[in-house]
>>> print(open('input.tsv').read())   # TSV, C-alpha atoms and all ligand atoms
chain	number	residue	atom	x	y	z
A	1	MET	CA	-13.69	-34.52	21.09
A	2	ILE	CA	-10.75	-36.20	19.42
A	3	PRO	CA	-8.21	-37.18	22.12
A	4	HIS	CA	-4.44	-36.61	21.89
A	5	LEU	CA	-4.67	-33.84	19.30
A	6	ALA	CA	-1.29	-32.55	20.43
A	7	THR	CA	0.55	-35.40	18.73
A	8	MET	CA	2.01	-35.71	15.24
A	9	ALA	CA	-0.09	-38.77	14.38
A	10	VAL	CA	-3.48	-37.28	15.30
A	11	THR	CA	-2.65	-33.84	13.81
A	12	ARG	CA	-1.70	-35.45	10.48
A	13	MET	CA	-4.79	-37.63	10.57
A	14	VAL	CA	-7.06	-34.59	11.09
A	15	LEU	CA	-5.35	-32.52	8.37
A	16	ASP	CA	-5.58	-35.44	5.91
A	17	ARG	CA	-9.19	-36.19	6.77
A	18	HIS	CA	-10.17	-32.58	5.94
A	19	ASP	CA	-7.70	-32.27	3.10
A	20	ILE	CA	-6.14	-29.09	4.43
A	21	ARG	CA	-2.62	-27.77	4.97
A	22	ALA	CA	-1.31	-25.38	7.59
A	23	ARG	CA	-1.53	-21.83	6.19
A	24	LYS	CA	1.69	-19.89	6.44
A	25	ARG	CA	0.02	-16.50	6.05
A	26	TYR	CA	-1.83	-17.09	9.32
A	27	GLY	CA	1.22	-18.37	11.16
A	28	GLN	CA	-0.19	-21.87	11.53
A	29	ASN	CA	2.24	-24.13	13.37
A	30	PHE	CA	0.23	-26.68	15.31
A	31	LEU	CA	1.44	-28.02	18.65
A	32	ILE	CA	2.27	-31.70	18.51
A	33	ARG	CA	3.75	-32.22	21.98
A	34	GLU	CA	1.42	-32.98	24.86
A	35	GLU	CA	4.05	-32.10	27.50
A	36	ALA	CA	4.13	-28.54	26.12
A	37	VAL	CA	0.33	-28.27	26.39
A	38	GLU	CA	0.53	-29.57	29.97
A	39	GLU	CA	3.18	-26.96	30.79
A	40	ILE	CA	0.97	-24.19	29.39
A	41	LEU	CA	-2.05	-25.41	31.36
A	42	ALA	CA	-0.02	-25.66	34.56
A	43	ALA	CA	1.46	-22.17	34.10
A	44	ALA	CA	-2.00	-20.73	33.39
A	45	ASN	CA	-3.37	-22.61	36.41
A	46	ILE	CA	-6.72	-23.26	34.71
A	47	GLY	CA	-9.49	-24.33	37.07
A	48	GLU	CA	-13.16	-25.20	36.73
A	49	GLU	CA	-14.30	-21.62	37.58
A	50	ASP	CA	-12.19	-20.07	34.82
A	51	THR	CA	-13.33	-18.52	31.56
A	52	VAL	CA	-10.46	-18.77	29.09
A	53	LEU	CA	-9.89	-16.59	26.05
A	54	GLU	CA	-7.91	-18.59	23.52
A	55	ILE	CA	-6.41	-16.83	20.49
A	56	GLY	CA	-6.06	-18.96	17.36
A	57	PRO	CA	-7.44	-22.42	18.17
A	58	GLY	CA	-6.22	-23.76	14.80
A	59	ILE	CA	-7.46	-27.36	14.58
A	60	GLY	CA	-8.50	-27.25	18.25
A	61	THR	CA	-5.33	-28.65	19.76
A	62	MET	CA	-5.16	-26.61	22.96
A	63	THR	CA	-8.89	-25.91	22.91
A	64	SER	CA	-9.72	-29.53	23.63
A	65	TYR	CA	-7.38	-29.65	26.64
A	66	LEU	CA	-8.63	-26.26	27.89
A	67	SER	CA	-12.25	-27.31	27.56
A	68	ALA	CA	-11.62	-30.31	29.80
A	69	ARG	CA	-10.35	-28.06	32.64
A	70	ALA	CA	-12.10	-24.69	32.35
A	71	LYS	CA	-15.68	-23.60	32.90
A	72	ARG	CA	-15.82	-22.01	29.48
A	73	VAL	CA	-13.49	-21.44	26.54
A	74	ILE	CA	-13.91	-18.57	24.06
A	75	SER	CA	-11.64	-19.15	21.06
A	76	VAL	CA	-11.06	-16.42	18.47
A	77	GLU	CA	-9.90	-17.69	15.07
A	78	ILE	CA	-9.29	-15.67	11.89
A	79	ASP	CA	-9.23	-18.60	9.42
A	80	LYS	CA	-12.82	-19.57	8.59
A	81	SER	CA	-11.66	-22.51	6.47
A	82	LEU	CA	-11.01	-24.30	9.77
A	83	GLN	CA	-14.71	-24.38	10.64
A	84	PRO	CA	-15.38	-27.98	9.51
A	85	VAL	CA	-12.19	-29.11	11.25
A	86	LEU	CA	-13.18	-27.58	14.59
A	87	GLU	CA	-16.72	-28.95	14.28
A	88	ASP	CA	-15.09	-32.35	13.95
A	89	THR	CA	-12.31	-32.16	16.55
A	90	LEU	CA	-14.34	-30.38	19.24
A	91	GLN	CA	-17.55	-32.34	18.68
A	92	GLY	CA	-19.47	-32.96	21.90
A	93	ALA	CA	-17.80	-30.21	23.95
A	94	ASP	CA	-20.53	-27.88	25.20
A	95	ASN	CA	-18.38	-25.20	26.89
A	96	ILE	CA	-16.56	-23.85	23.80
A	97	THR	CA	-17.58	-20.81	21.74
A	98	ILE	CA	-15.67	-20.05	18.55
A	99	VAL	CA	-15.61	-16.42	17.44
A	100	TRP	CA	-14.62	-16.23	13.74
A	101	GLU	CA	-12.75	-12.94	13.74
A	102	ASP	CA	-9.34	-11.29	13.69
A	103	ILE	CA	-8.41	-10.88	17.37
A	104	LEU	CA	-7.19	-7.36	16.60
A	105	LYS	CA	-10.73	-6.43	15.54
A	106	VAL	CA	-12.59	-8.05	18.43
A	107	ASP	CA	-14.14	-5.73	21.02
A	108	LEU	CA	-12.50	-7.32	24.06
A	109	GLN	CA	-14.57	-5.31	26.52
A	110	LYS	CA	-17.78	-6.59	24.96
A	111	LEU	CA	-16.48	-10.14	24.73
A	112	HIS	CA	-15.68	-9.99	28.45
A	113	GLU	CA	-19.15	-8.61	29.29
A	114	THR	CA	-20.80	-11.34	27.25
A	115	TYR	CA	-18.93	-14.37	28.53
A	116	ALA	CA	-16.99	-13.82	31.75
A	117	ASP	CA	-19.79	-13.50	34.39
A	118	GLY	CA	-18.05	-10.40	35.79
A	119	ARG	CA	-14.83	-12.29	36.61
A	120	LYS	CA	-11.45	-11.76	35.05
A	121	MET	CA	-10.60	-14.08	32.17
A	122	LYS	CA	-7.39	-16.00	31.60
A	123	VAL	CA	-5.76	-15.70	28.19
A	124	VAL	CA	-4.03	-18.74	26.73
A	125	ALA	CA	-2.57	-18.83	23.21
A	126	ASN	CA	-0.02	-20.35	20.93
A	127	LEU	CA	0.41	-17.09	19.05
A	128	PRO	CA	1.13	-16.76	15.33
A	129	TYR	CA	4.66	-15.31	15.05
A	130	TYR	CA	3.78	-12.73	12.41
A	131	VAL	CA	1.50	-10.74	14.67
A	132	THR	CA	2.76	-11.43	18.21
A	133	THR	CA	3.61	-7.86	19.22
A	134	PRO	CA	0.36	-6.18	18.08
A	135	ILE	CA	-1.71	-8.92	19.76
A	136	LEU	CA	0.28	-8.66	22.97
A	137	MET	CA	-0.04	-4.88	23.05
A	138	GLU	CA	-3.80	-5.11	22.42
A	139	LEU	CA	-4.19	-7.61	25.29
A	140	LEU	CA	-2.13	-5.44	27.61
A	141	GLN	CA	-4.22	-2.37	26.84
A	142	TYR	CA	-7.22	-4.30	28.12
A	143	GLY	CA	-5.15	-5.79	30.93
A	144	ASP	CA	-7.92	-5.09	33.48
A	145	LEU	CA	-10.04	-7.83	31.93
A	146	PHE	CA	-7.47	-10.59	32.45
A	147	SER	CA	-5.96	-12.13	35.57
A	148	SER	CA	-3.15	-13.71	33.60
A	149	ILE	CA	-1.88	-14.16	30.06
A	150	THR	CA	0.00	-17.32	29.12
A	151	LEU	CA	1.47	-17.39	25.64
A	152	MET	CA	3.63	-19.50	23.40
A	153	VAL	CA	5.84	-17.05	21.52
A	154	GLN	CA	9.08	-17.08	19.59
A	155	LYS	CA	11.92	-17.61	22.09
A	156	GLU	CA	13.66	-14.34	21.12
A	157	VAL	CA	10.48	-12.38	21.77
A	158	ALA	CA	10.12	-13.96	25.22
A	159	GLU	CA	13.75	-13.06	25.94
A	160	ARG	CA	13.20	-9.46	24.85
A	161	ILE	CA	10.17	-9.18	27.10
A	162	CYS	CA	12.06	-10.52	30.14
A	163	ALA	CA	15.34	-8.67	29.42
A	164	ASP	CA	17.29	-6.63	31.98
A	165	PRO	CA	18.19	-2.97	31.35
A	166	GLY	CA	21.51	-2.51	29.56
A	167	THR	CA	21.28	-5.74	27.53
A	168	LYS	CA	20.83	-5.78	23.76
A	169	GLU	CA	17.48	-7.59	24.11
A	170	TYR	CA	16.06	-4.78	26.28
A	171	GLY	CA	13.69	-2.44	24.47
A	172	ALA	CA	10.28	-0.78	24.17
A	173	ILE	CA	8.41	-4.09	24.44
A	174	THR	CA	10.24	-4.96	27.70
A	175	LEU	CA	9.07	-1.70	29.26
A	176	GLY	CA	5.60	-1.86	27.70
A	177	VAL	CA	4.99	-5.28	29.23
A	178	ALA	CA	6.58	-4.33	32.59
A	179	TYR	CA	4.05	-1.51	32.95
A	180	TYR	CA	1.16	-3.98	32.88
A	181	ALA	CA	2.49	-7.26	34.15
A	182	ALA	CA	5.28	-9.28	35.72
A	183	PRO	CA	6.62	-11.60	32.98
A	184	HIS	CA	8.51	-14.84	33.28
A	185	ILE	CA	9.67	-17.58	30.93
A	186	VAL	CA	8.16	-20.89	32.04
A	187	ALA	CA	9.95	-23.15	29.54
A	188	VAL	CA	11.73	-23.17	26.21
A	189	VAL	CA	9.94	-25.31	23.61
A	190	PRO	CA	12.00	-26.63	20.67
A	191	SER	CA	10.83	-26.15	17.08
A	192	GLY	CA	10.20	-29.91	16.81
A	193	ALA	CA	7.15	-29.49	19.06
A	194	PHE	CA	5.24	-27.93	16.14
A	195	PHE	CA	3.93	-29.07	12.78
A	196	PRO	CA	4.95	-27.75	10.35
A	197	ARG	CA	8.27	-27.22	12.09
A	198	PRO	CA	9.18	-23.50	12.26
A	199	ASN	CA	12.74	-22.18	11.87
A	200	VAL	CA	12.94	-20.94	15.42
A	201	ASP	CA	12.43	-22.23	18.95
A	202	SER	CA	9.58	-20.99	21.13
A	203	ALA	CA	9.03	-20.27	24.79
A	204	ILE	CA	6.07	-20.31	27.14
A	205	LEU	CA	5.67	-16.85	28.62
A	206	HIS	CA	3.49	-16.18	31.64
A	207	LEU	CA	2.34	-12.64	32.43
A	208	LYS	CA	0.70	-11.95	35.75
A	209	ALA	CA	-1.19	-8.67	35.53
A	210	HIS	CA	-0.36	-5.98	38.12
A	211	GLU	CA	-3.32	-4.89	40.28
A	212	THR	CA	-2.19	-1.29	39.78
A	213	PRO	CA	0.57	0.09	37.51
A	214	PRO	CA	3.99	-0.06	39.19
A	215	VAL	CA	4.73	3.59	38.37
A	216	ASP	CA	2.67	6.71	38.62
A	217	ALA	CA	3.10	8.61	35.36
A	218	ASP	CA	0.76	9.71	32.58
A	219	ARG	CA	0.51	6.55	30.48
A	220	GLU	CA	0.32	8.25	27.07
A	221	CYS	CA	3.35	10.44	27.74
A	222	LEU	CA	5.31	7.55	29.28
A	223	PHE	CA	4.69	5.32	26.25
A	224	GLU	CA	5.55	8.18	23.89
A	225	LEU	CA	8.94	8.58	25.58
A	226	ILE	CA	9.58	4.83	25.60
A	227	ARG	CA	8.79	4.51	21.88
A	228	ALA	CA	10.92	7.56	21.10
A	229	ALA	CA	13.83	6.26	23.18
A	230	PHE	CA	14.07	3.00	21.24
A	231	GLY	CA	13.14	4.31	17.80
A	232	GLN	CA	16.79	4.98	17.05
A	233	ARG	CA	18.91	2.92	19.38
A	234	ARG	CA	22.22	4.36	18.28
A	235	LYS	CA	21.32	7.91	19.30
A	236	THR	CA	21.61	9.16	22.85
A	237	LEU	CA	18.29	9.20	24.72
A	238	ALA	CA	18.03	13.02	24.51
A	239	ASN	CA	18.70	13.04	20.76
A	240	ALA	CA	16.32	10.13	20.10
A	241	ILE	CA	13.47	11.80	22.01
A	242	ALA	CA	14.07	15.22	20.38
A	243	HIS	CA	14.12	13.59	16.94
A	244	ALA	CA	11.03	11.41	17.46
A	245	THR	CA	8.83	14.05	19.07
A	246	ALA	CA	9.76	16.96	16.73
A	247	GLY	CA	6.68	18.71	15.33
A	248	LYS	CA	4.28	16.88	17.67
A	249	PRO	CA	2.26	18.41	20.52
A	250	THR	CA	4.54	16.35	22.80
A	251	ALA	CA	7.72	17.87	21.28
A	252	LEU	CA	10.76	18.05	23.56
A	253	SER	CA	14.10	19.62	22.71
A	254	ARG	CA	17.38	17.85	23.36
A	255	GLU	CA	18.21	20.51	25.98
A	256	GLU	CA	14.94	19.89	27.88
A	257	VAL	CA	15.64	16.16	28.06
A	258	VAL	CA	19.28	16.67	29.09
A	259	LYS	CA	18.16	19.04	31.87
A	260	ALA	CA	15.64	16.48	33.15
A	261	LEU	CA	18.24	13.68	33.02
A	262	GLU	CA	20.71	15.79	34.98
A	263	LYS	CA	18.08	16.52	37.62
A	264	MET	CA	17.79	12.75	37.98
A	265	GLY	CA	21.54	12.50	38.50
A	266	LEU	CA	22.06	10.88	35.08
A	267	SER	CA	24.42	11.83	32.30
A	268	GLY	CA	22.90	13.92	29.48
A	269	ASP	CA	24.27	11.51	26.89
A	270	ILE	CA	22.94	8.29	28.44
A	271	ARG	CA	21.21	5.80	26.14
A	272	GLY	CA	17.63	4.63	26.57
A	273	GLU	CA	18.51	1.00	27.26
A	274	LYS	CA	20.18	2.00	30.56
A	275	LEU	CA	16.92	3.24	32.09
A	276	GLY	CA	14.38	1.06	33.89
A	277	LEU	CA	10.63	1.75	34.10
A	278	PRO	CA	10.91	3.91	37.28
A	279	GLU	CA	13.50	6.14	35.55
A	280	PHE	CA	11.31	6.49	32.44
A	281	ALA	CA	8.38	7.41	34.71
A	282	MET	CA	10.47	10.05	36.47
A	283	LEU	CA	11.70	11.42	33.15
A	284	THR	CA	8.07	11.66	31.96
A	285	GLU	CA	7.14	13.62	35.07
A	286	LEU	CA	10.08	16.00	34.72
A	287	CYS	CA	9.60	16.56	30.98
A	288	TYR	CA	5.83	16.93	30.85
A	289	THR	CA	4.83	18.34	34.24
A	290	LYS	CA	5.50	22.01	33.68
A	301	LIG	N1	-3.70	-23.22	18.92
A	301	LIG	C1	-3.24	-24.05	17.83
A	301	LIG	C2	-2.11	-24.94	18.30
A	301	LIG	O1	-1.57	-24.64	19.38
A	301	LIG	O2	-1.79	-25.89	17.63
A	301	LIG	C3	-2.81	-23.20	16.62
A	301	LIG	C4	-1.69	-22.22	16.88
A	301	LIG	S1	-1.07	-21.45	15.41
A	301	LIG	C5	0.56	-21.02	15.94
A	301	LIG	C6	-1.81	-19.82	15.40
A	301	LIG	C7	-3.33	-19.77	15.15
A	301	LIG	O3	-3.76	-18.42	15.19
A	301	LIG	C8	-3.76	-20.30	13.79
A	301	LIG	O4	-4.90	-21.11	13.95
A	301	LIG	C9	-4.11	-19.04	12.99
A	301	LIG	O5	-5.06	-19.25	11.99
A	301	LIG	C10	-4.63	-18.14	14.09
A	301	LIG	N2	-4.52	-16.69	13.80
A	301	LIG	C11	-3.56	-16.07	13.08
A	301	LIG	N3	-3.76	-14.74	13.08
A	301	LIG	C12	-4.88	-14.51	13.84
A	301	LIG	C13	-5.60	-13.34	14.21
A	301	LIG	N4	-5.20	-12.13	13.81
A	301	LIG	N5	-6.71	-13.48	14.97
A	301	LIG	C14	-7.12	-14.72	15.38
A	301	LIG	N6	-6.48	-15.86	15.06
A	301	LIG	C15	-5.36	-15.76	14.31
>>> encode(input="input.tsv", output="structure tokens", more="lines below")
Ligand code: SAM
Amino acid sequence: MIPHLATMAVTRMVLDRHDIRARKRYGQNFLIREEAVEEILAAANIGEEDTVLEIGPGIGTMTSYLSARAKRVISVEIDKSLQPVLEDTLQGADNITIVWEDILKVDLQKLHETYADGRKMKVVANLPYYVTTPILMELLQYGDLFSSITLMVQKEVAERICADPGTKEYGAITLGVAYYAAPHIVAVVPSGAFFPRPNVDSAILHLKAHETPPVDADRECLFELIRAAFGQRRKTLANAIAHATAGKPTALSREEVVKALEKMGLSGDIRGEKLGLPEFAMLTELCYTK
């Protein structure tokens, strides 16, 4: 393996040697700060019994550090043109498997069965900005397979995920994540820690999966209400839900939602961003349990 990949000098050397450039369409911003990699590894608490799922190894920057600590590393990369680079940078490491695939198309259940020896995996990734939310939602849907998820994401996204009710950052993604995991921001990482340098800062986000969901509501209905509530932020919650569910099997009238809100002791013209996950769960119960 090539040491100190998470530095500007070695990253440039590798890119030059293979005559390649970072590809914007795949969100390639390589980490060039070893302290940031160390912070990710510490937050993920990687040990020698762990199987790690890495998303987007790029030129192998984090992969090489992960391989040195974990039992096994499974890295899923969409960009096949990086194959010769990874063969070079990860040469000699015998505990890394590269899966050349779009992570959104990978059967995570099967991947877990194949590689994890029946234990939960740890996810570690420096995510491409352009596809952060779909990847995160996919991981959370298969939350049972992972004991923790540690991600480098755009700082604003990390702030939205960790936001408190009533703030402008609070939204559907905050509640979606809260259903599956307890999130916290480990550190803010400046744009200068990446090459090429992006326009925005990043943050390391650690998600510890809940053993069981924190609320007891039908998941499909709960997520339907959450999505509806934040689809049109300027509407009241009752209007937003009536508008978004109209014509669907899950349709609710404004009056039905207002009645449920009043039963909860809330005003009928409250906005969605005022409600926490327990309130959304209660609203789901009241609206859909006839
Ligand atoms: N891990 C490297 C690092 O920290 O320097 C690269 C991180 S770079 C921000 C994101 C990586 O994800 C790139 O290698 C990119 O090609 C890859 N990628 C982008 N979209 C992907 C997808 N849908 N599935 C798998 N990998 C993807």
>>> closest_atom_pairs(input="input.tsv", of="chain A", to="ligand LIG 301 (chain A)", cutoff="7 Å", atoms="all atoms listed in the file", output="JSON lines")
{"residue": "A:Tyr26", "atom": "CA", "partner": "A:LIG301", "partner_atom": "C11", "distance": 4.3}
{"residue": "A:Gly27", "atom": "CA", "partner": "A:LIG301", "partner_atom": "C6", "distance": 5.4}
{"residue": "A:Gln28", "atom": "CA", "partner": "A:LIG301", "partner_atom": "S1", "distance": 4.0}
{"residue": "A:Asn29", "atom": "CA", "partner": "A:LIG301", "partner_atom": "C5", "distance": 4.4}
{"residue": "A:Phe30", "atom": "CA", "partner": "A:LIG301", "partner_atom": "O2", "distance": 3.2}
{"residue": "A:Leu31", "atom": "CA", "partner": "A:LIG301", "partner_atom": "O2", "distance": 4.0}
{"residue": "A:Ile55", "atom": "CA", "partner": "A:LIG301", "partner_atom": "N6", "distance": 5.5}
{"residue": "A:Gly56", "atom": "CA", "partner": "A:LIG301", "partner_atom": "O3", "distance": 3.2}
{"residue": "A:Pro57", "atom": "CA", "partner": "A:LIG301", "partner_atom": "N1", "distance": 3.9}
{"residue": "A:Gly58", "atom": "CA", "partner": "A:LIG301", "partner_atom": "O4", "distance": 3.1}
{"residue": "A:Ile59", "atom": "CA", "partner": "A:LIG301", "partner_atom": "C1", "distance": 6.3}
{"residue": "A:Gly60", "atom": "CA", "partner": "A:LIG301", "partner_atom": "C1", "distance": 6.2}
{"residue": "A:Thr61", "atom": "CA", "partner": "A:LIG301", "partner_atom": "O2", "distance": 5.0}
{"residue": "A:Met62", "atom": "CA", "partner": "A:LIG301", "partner_atom": "O1", "distance": 5.4}
{"residue": "A:Val76", "atom": "CA", "partner": "A:LIG301", "partner_atom": "C14", "distance": 5.3}
{"residue": "A:Glu77", "atom": "CA", "partner": "A:LIG301", "partner_atom": "N6", "distance": 3.9}
{"residue": "A:Ile78", "atom": "CA", "partner": "A:LIG301", "partner_atom": "C14", "distance": 4.2}
{"residue": "A:Asp79", "atom": "CA", "partner": "A:LIG301", "partner_atom": "O5", "distance": 4.9}
{"residue": "A:Glu101", "atom": "CA", "partner": "A:LIG301", "partner_atom": "C14", "distance": 6.1}
{"residue": "A:Asp102", "atom": "CA", "partner": "A:LIG301", "partner_atom": "N5", "distance": 3.7}
{"residue": "A:Ile103", "atom": "CA", "partner": "A:LIG301", "partner_atom": "N5", "distance": 3.9}
{"residue": "A:Leu104", "atom": "CA", "partner": "A:LIG301", "partner_atom": "N4", "distance": 5.9}
{"residue": "A:Ala125", "atom": "CA", "partner": "A:LIG301", "partner_atom": "N1", "distance": 6.2}
{"residue": "A:Asn126", "atom": "CA", "partner": "A:LIG301", "partner_atom": "C4", "distance": 4.8}
{"residue": "A:Leu127", "atom": "CA", "partner": "A:LIG301", "partner_atom": "C5", "distance": 5.0}
{"residue": "A:Pro128", "atom": "CA", "partner": "A:LIG301", "partner_atom": "C6", "distance": 4.2}
{"residue": "A:Val131", "atom": "CA", "partner": "A:LIG301", "partner_atom": "N3", "distance": 6.8}
>>> residues_around(input="input.tsv", residues="Ile2 of chain A", least_positions_apart="6", cutoff="12 Å", atoms="all atoms listed in the file", output="JSON, numbers by chain")
{"A": [10, 11, 13, 14, 59, 60, 61, 62, 63, 64, 65, 68, 85, 86, 87, 88, 89, 90, 91, 92, 93]}
>>> closest_residue(input="input.tsv", among="A:Ala187, A:Ile226, A:Ala9, A:Leu266", to="Tyr170 of chain A", atoms="all atoms listed in the file")
A:Ile226
>>> residues_around(input="input.tsv", residues="Leu222 of chain A", least_positions_apart="4", cutoff="7 Å", atoms="only C-alpha atoms", output="list of chain:residue names")
A:Ala217, A:Asp218, A:Ile226, A:Phe280, A:Ala281, A:Thr284
>>> atom_distance(input="input.tsv", atom1="atom CA of Pro278 of chain A", atom2="atom CA of Gly166 of chain A")
14.6 Å
>>> build_atoms(input="input.tsv", residues="segment 165-173 of chain A", atoms="all heavy atoms", output="compact mmCIF listing (two decimals), keeping the file's coordinate frame")
# COMPACT_ATOMS: atom_id res chain seq x y z
N PRO A 165 17.66 -4.20 31.94
CA PRO A 165 18.19 -2.97 31.35
C PRO A 165 19.68 -3.12 31.01
O PRO A 165 20.41 -3.83 31.71
CB PRO A 165 18.00 -1.93 32.46
CG PRO A 165 16.92 -2.47 33.33
CD PRO A 165 17.00 -3.96 33.24
N GLY A 166 20.09 -2.49 29.94
CA GLY A 166 21.51 -2.51 29.56
C GLY A 166 21.87 -3.65 28.63
O GLY A 166 22.96 -3.66 28.06
N THR A 167 20.98 -4.63 28.44
CA THR A 167 21.28 -5.74 27.53
C THR A 167 20.78 -5.40 26.12
O THR A 167 19.93 -4.51 25.97
CB THR A 167 20.61 -7.05 27.99
OG1 THR A 167 19.19 -6.83 28.02
CG2 THR A 167 21.08 -7.46 29.37
N LYS A 168 21.24 -6.13 25.13
CA LYS A 168 20.83 -5.78 23.76
C LYS A 168 19.38 -6.22 23.49
O LYS A 168 18.74 -5.69 22.58
CB LYS A 168 21.82 -6.32 22.72
CG LYS A 168 21.79 -7.79 22.44
CD LYS A 168 22.73 -8.05 21.27
CE LYS A 168 22.76 -9.47 20.75
NZ LYS A 168 22.29 -10.57 21.55
N GLU A 169 18.88 -7.15 24.28
CA GLU A 169 17.48 -7.59 24.11
C GLU A 169 16.48 -6.57 24.66
O GLU A 169 15.31 -6.57 24.31
CB GLU A 169 17.23 -8.94 24.83
CG GLU A 169 17.91 -10.14 24.21
CD GLU A 169 19.38 -10.24 24.59
OE1 GLU A 169 19.79 -9.58 25.59
OE2 GLU A 169 20.12 -10.94 23.88
N TYR A 170 16.94 -5.72 25.58
CA TYR A 170 16.06 -4.78 26.28
C TYR A 170 15.53 -3.72 25.32
O TYR A 170 16.27 -3.18 24.51
CB TYR A 170 16.90 -4.12 27.37
CG TYR A 170 16.17 -3.23 28.33
CD1 TYR A 170 15.36 -3.75 29.32
CD2 TYR A 170 16.32 -1.84 28.26
CE1 TYR A 170 14.72 -2.93 30.23
CE2 TYR A 170 15.69 -1.02 29.18
CZ TYR A 170 14.89 -1.56 30.15
OH TYR A 170 14.27 -0.74 31.06
N GLY A 171 14.23 -3.43 25.39
CA GLY A 171 13.69 -2.44 24.47
C GLY A 171 12.29 -2.00 24.85
O GLY A 171 11.82 -2.25 25.97
N ALA A 172 11.60 -1.36 23.90
CA ALA A 172 10.28 -0.78 24.17
C ALA A 172 9.30 -1.85 24.65
O ALA A 172 8.50 -1.62 25.56
CB ALA A 172 9.76 -0.10 22.92
N ILE A 173 9.38 -3.05 24.06
CA ILE A 173 8.41 -4.09 24.44
C ILE A 173 8.66 -4.57 25.88
O ILE A 173 7.72 -4.90 26.61
CB ILE A 173 8.38 -5.26 23.43
CG1 ILE A 173 7.16 -6.13 23.68
CG2 ILE A 173 9.65 -6.08 23.45
CD1 ILE A 173 6.75 -7.02 22.56
